[in-house]
$ cat structure.pdb   # PDB, C-alpha atoms
ATOM      1  CA  MET A   1      84.395 148.621  96.060
ATOM      2  CA  GLN A   2      81.625 149.730  98.451
ATOM      3  CA  ASP A   3      81.235 146.139  99.709
ATOM      4  CA  GLU A   4      84.951 146.000 100.548
ATOM      5  CA  GLN A   5      84.698 149.302 102.435
ATOM      6  CA  ASP A   6      81.648 148.016 104.328
ATOM      7  CA  VAL A   7      83.479 144.830 105.294
ATOM      8  CA  ARG A   8      86.552 146.784 106.423
ATOM      9  CA  GLY A   9      84.340 149.049 108.520
ATOM     10  CA  LEU A  10      82.582 146.080 110.110
ATOM     11  CA  LEU A  11      85.893 144.376 110.848
ATOM     12  CA  ALA A  12      87.330 147.535 112.423
ATOM     13  CA  PHE A  13      84.238 147.914 114.594
ATOM     14  CA  ALA A  14      84.312 144.229 115.568
ATOM     15  CA  GLU A  15      87.999 144.458 116.462
ATOM     16  CA  GLU A  16      87.389 147.477 118.700
ATOM     17  CA  GLU A  17      84.453 145.842 120.432
ATOM     18  CA  ALA A  18      85.846 142.268 120.300
ATOM     19  CA  MET A  19      82.684 141.089 118.582
ATOM     20  CA  PRO A  20      82.556 138.614 115.685
ATOM     21  CA  VAL A  21      81.155 139.409 112.256
ATOM     22  CA  TYR A  22      78.574 136.839 111.115
ATOM     23  CA  GLU A  23      77.629 136.331 107.477
ATOM     24  CA  TYR A  24      74.136 135.281 106.431
ATOM     25  CA  ARG A  25      72.240 134.370 103.263
ATOM     26  CA  CYS A  26      68.491 134.802 102.878
ATOM     27  CA  GLU A  27      66.770 131.688 101.552
ATOM     28  CA  LYS A  28      63.854 133.743 100.236
ATOM     29  CA  CYS A  29      65.582 136.429  98.149
ATOM     30  CA  GLY A  30      69.236 135.264  98.076
ATOM     31  CA  GLU A  31      70.604 138.420  99.726
ATOM     32  CA  LYS A  32      73.981 137.976 101.448
ATOM     33  CA  PHE A  33      74.645 140.252 104.405
ATOM     34  CA  GLN A  34      76.774 140.604 107.519
ATOM     35  CA  ARG A  35      76.076 141.489 111.144
ATOM     36  CA  VAL A  36      78.349 142.290 114.071
ATOM     37  CA  GLU A  37      76.905 140.521 117.126
ATOM     38  CA  HIS A  38      77.850 139.276 120.564
ATOM     39  CA  VAL A  39      78.029 135.479 120.678
ATOM     40  CA  ALA A  40      75.053 135.391 123.092
ATOM     41  CA  GLU A  41      73.025 137.605 120.749
ATOM     42  CA  HIS A  42      73.907 135.364 117.808
ATOM     43  CA  GLU A  43      72.627 132.281 119.629
ATOM     44  CA  ALA A  44      69.397 133.846 120.912
ATOM     45  CA  HIS A  45      68.351 136.369 118.241
ATOM     46  CA  GLN A  46      66.322 135.562 115.130
ATOM     47  CA  VAL A  47      67.979 137.438 112.259
ATOM     48  CA  ARG A  48      65.871 139.062 109.542
ATOM     49  CA  CYS A  49      66.984 139.784 106.001
ATOM     50  CA  PRO A  50      67.579 143.539 105.579
ATOM     51  CA  LYS A  51      66.314 143.383 101.976
ATOM     52  CA  CYS A  52      63.030 141.439 102.240
ATOM     53  CA  GLY A  53      62.494 141.034 106.005
ATOM     54  CA  SER A  54      62.365 137.225 105.876
ATOM     55  CA  GLU A  55      63.452 135.190 108.896
ATOM     56  CA  GLN A  56      64.525 132.370 106.555
ATOM     57  CA  VAL A  57      68.242 133.127 106.815
ATOM     58  CA  ASN A  58      71.188 130.777 107.261
ATOM     59  CA  ASN A  59      74.736 131.321 108.453
ATOM     60  CA  VAL A  60      77.308 131.288 105.682
ATOM     61  CA  VAL A  61      80.618 129.647 106.476
ATOM     62  CA  SER A  62      83.241 132.323 106.052
ATOM     63  CA  ALA A  63      86.930 132.905 106.581
ATOM     64  CA  PHE A  64      88.071 134.506 109.791
ATOM     65  CA  TYR A  65      91.278 135.784 111.296
ATOM     66  CA  ALA A  66      92.551 135.633 114.837
ATOM     67  CA  LYS A  67      94.606 138.458 116.265
ATOM     68  CA  THR A  68      97.080 137.283 118.858
ATOM     69  CA  SER A  69      99.870 138.940 120.752
ATOM     70  CA  LYS A  70     103.245 137.581 119.820
ATOM     71  CA  LYS A  71     105.930 137.591 122.488
ATOM     72  CA  SER A  72     109.541 137.230 121.492
TER      73      SER A  72
END

$ encode --input "structure.pdb" --output "structure tokens"
Amino acid sequence: MQDEQDVRGLLAFAEEEAMPVYEYRCEKCGEKFQRVEHVAEHEAHQVRCPKCGSEQVNNVVSAFYAKTSKKS
């Protein structure tokens, strides 16, 4: 349940700041983790695994949702 709460907290923060949540997987230790980042930061920043510190991380394809205004 803690993981679900963490994800909800990240999504709420990302929605407020209009920043995407990126999911990663460490090739060294297998840890899966998420980061809220600006698109520019995502393209330029080398992500490190929070568990082992490795830079051998890959993006994980994940589901997303788009919030749009609906006019009637």

$ atom_distance --input "structure.pdb" --atom1 "CA of Arg35 (chain A)" --atom2 "CA of Ser69 (chain A)"
25.8 Å

$ atom_distance --input "structure.pdb" --atom1 "CA of Pro20 (chain A)" --atom2 "CA of Cys52 (chain A)"
23.9 Å

$ resolve_selection --input "structure.pdb" --expression "the PyMOL selection byres ((chain A and resi 30) around 12)" --output "number ranges by chain"
A: 24-29, 31-33, 49-54, 56-58, 60

$ atom_distance --input "structure.pdb" --atom1 "CA of Glu23 (chain A)" --atom2 "CA of Lys70 (chain A)"
28.5 Å

$ decode --input "structure.pdb" --residues "region 22-42 of chain A" --atoms "C-alpha atoms" --output "PDB file, in the first residue's frame"
ATOM      1  CA  TYR A  22       9.142   9.143 -15.237  1.00  0.00           C
ATOM      2  CA  GLU A  23       9.650   5.510 -14.272  1.00  0.00           C
ATOM      3  CA  TYR A  24      13.072   3.875 -14.312  1.00  0.00           C
ATOM      4  CA  ARG A  25      14.626   0.453 -13.732  1.00  0.00           C
ATOM      5  CA  CYS A  26      18.212  -0.045 -12.597  1.00  0.00           C
ATOM      6  CA  GLU A  27      20.103  -2.558 -14.726  1.00  0.00           C
ATOM      7  CA  LYS A  28      22.551  -3.255 -11.900  1.00  0.00           C
ATOM      8  CA  CYS A  29      20.250  -4.060  -8.965  1.00  0.00           C
ATOM      9  CA  GLY A  30      16.785  -4.264 -10.598  1.00  0.00           C
ATOM     10  CA  GLU A  31      15.280  -1.464  -8.489  1.00  0.00           C
ATOM     11  CA  LYS A  32      12.240   0.238 -10.046  1.00  0.00           C
ATOM     12  CA  PHE A  33      11.706   3.869  -9.096  1.00  0.00           C
ATOM     13  CA  GLN A  34       9.983   7.053 -10.210  1.00  0.00           C
ATOM     14  CA  ARG A  35      11.045  10.681 -10.560  1.00  0.00           C
ATOM     15  CA  VAL A  36       9.102  13.870 -11.217  1.00  0.00           C
ATOM     16  CA  GLU A  37      11.140  15.933 -13.694  1.00  0.00           C
ATOM     17  CA  HIS A  38      10.817  18.735 -16.204  1.00  0.00           C
ATOM     18  CA  VAL A  39      11.112  17.457 -19.774  1.00  0.00           C
ATOM     19  CA  ALA A  40      14.371  19.423 -20.230  1.00  0.00           C
ATOM     20  CA  GLU A  41      15.789  17.905 -17.038  1.00  0.00           C
ATOM     21  CA  HIS A  42      14.800  14.426 -18.209  1.00  0.00           C
TER      22      HIS A  42
END
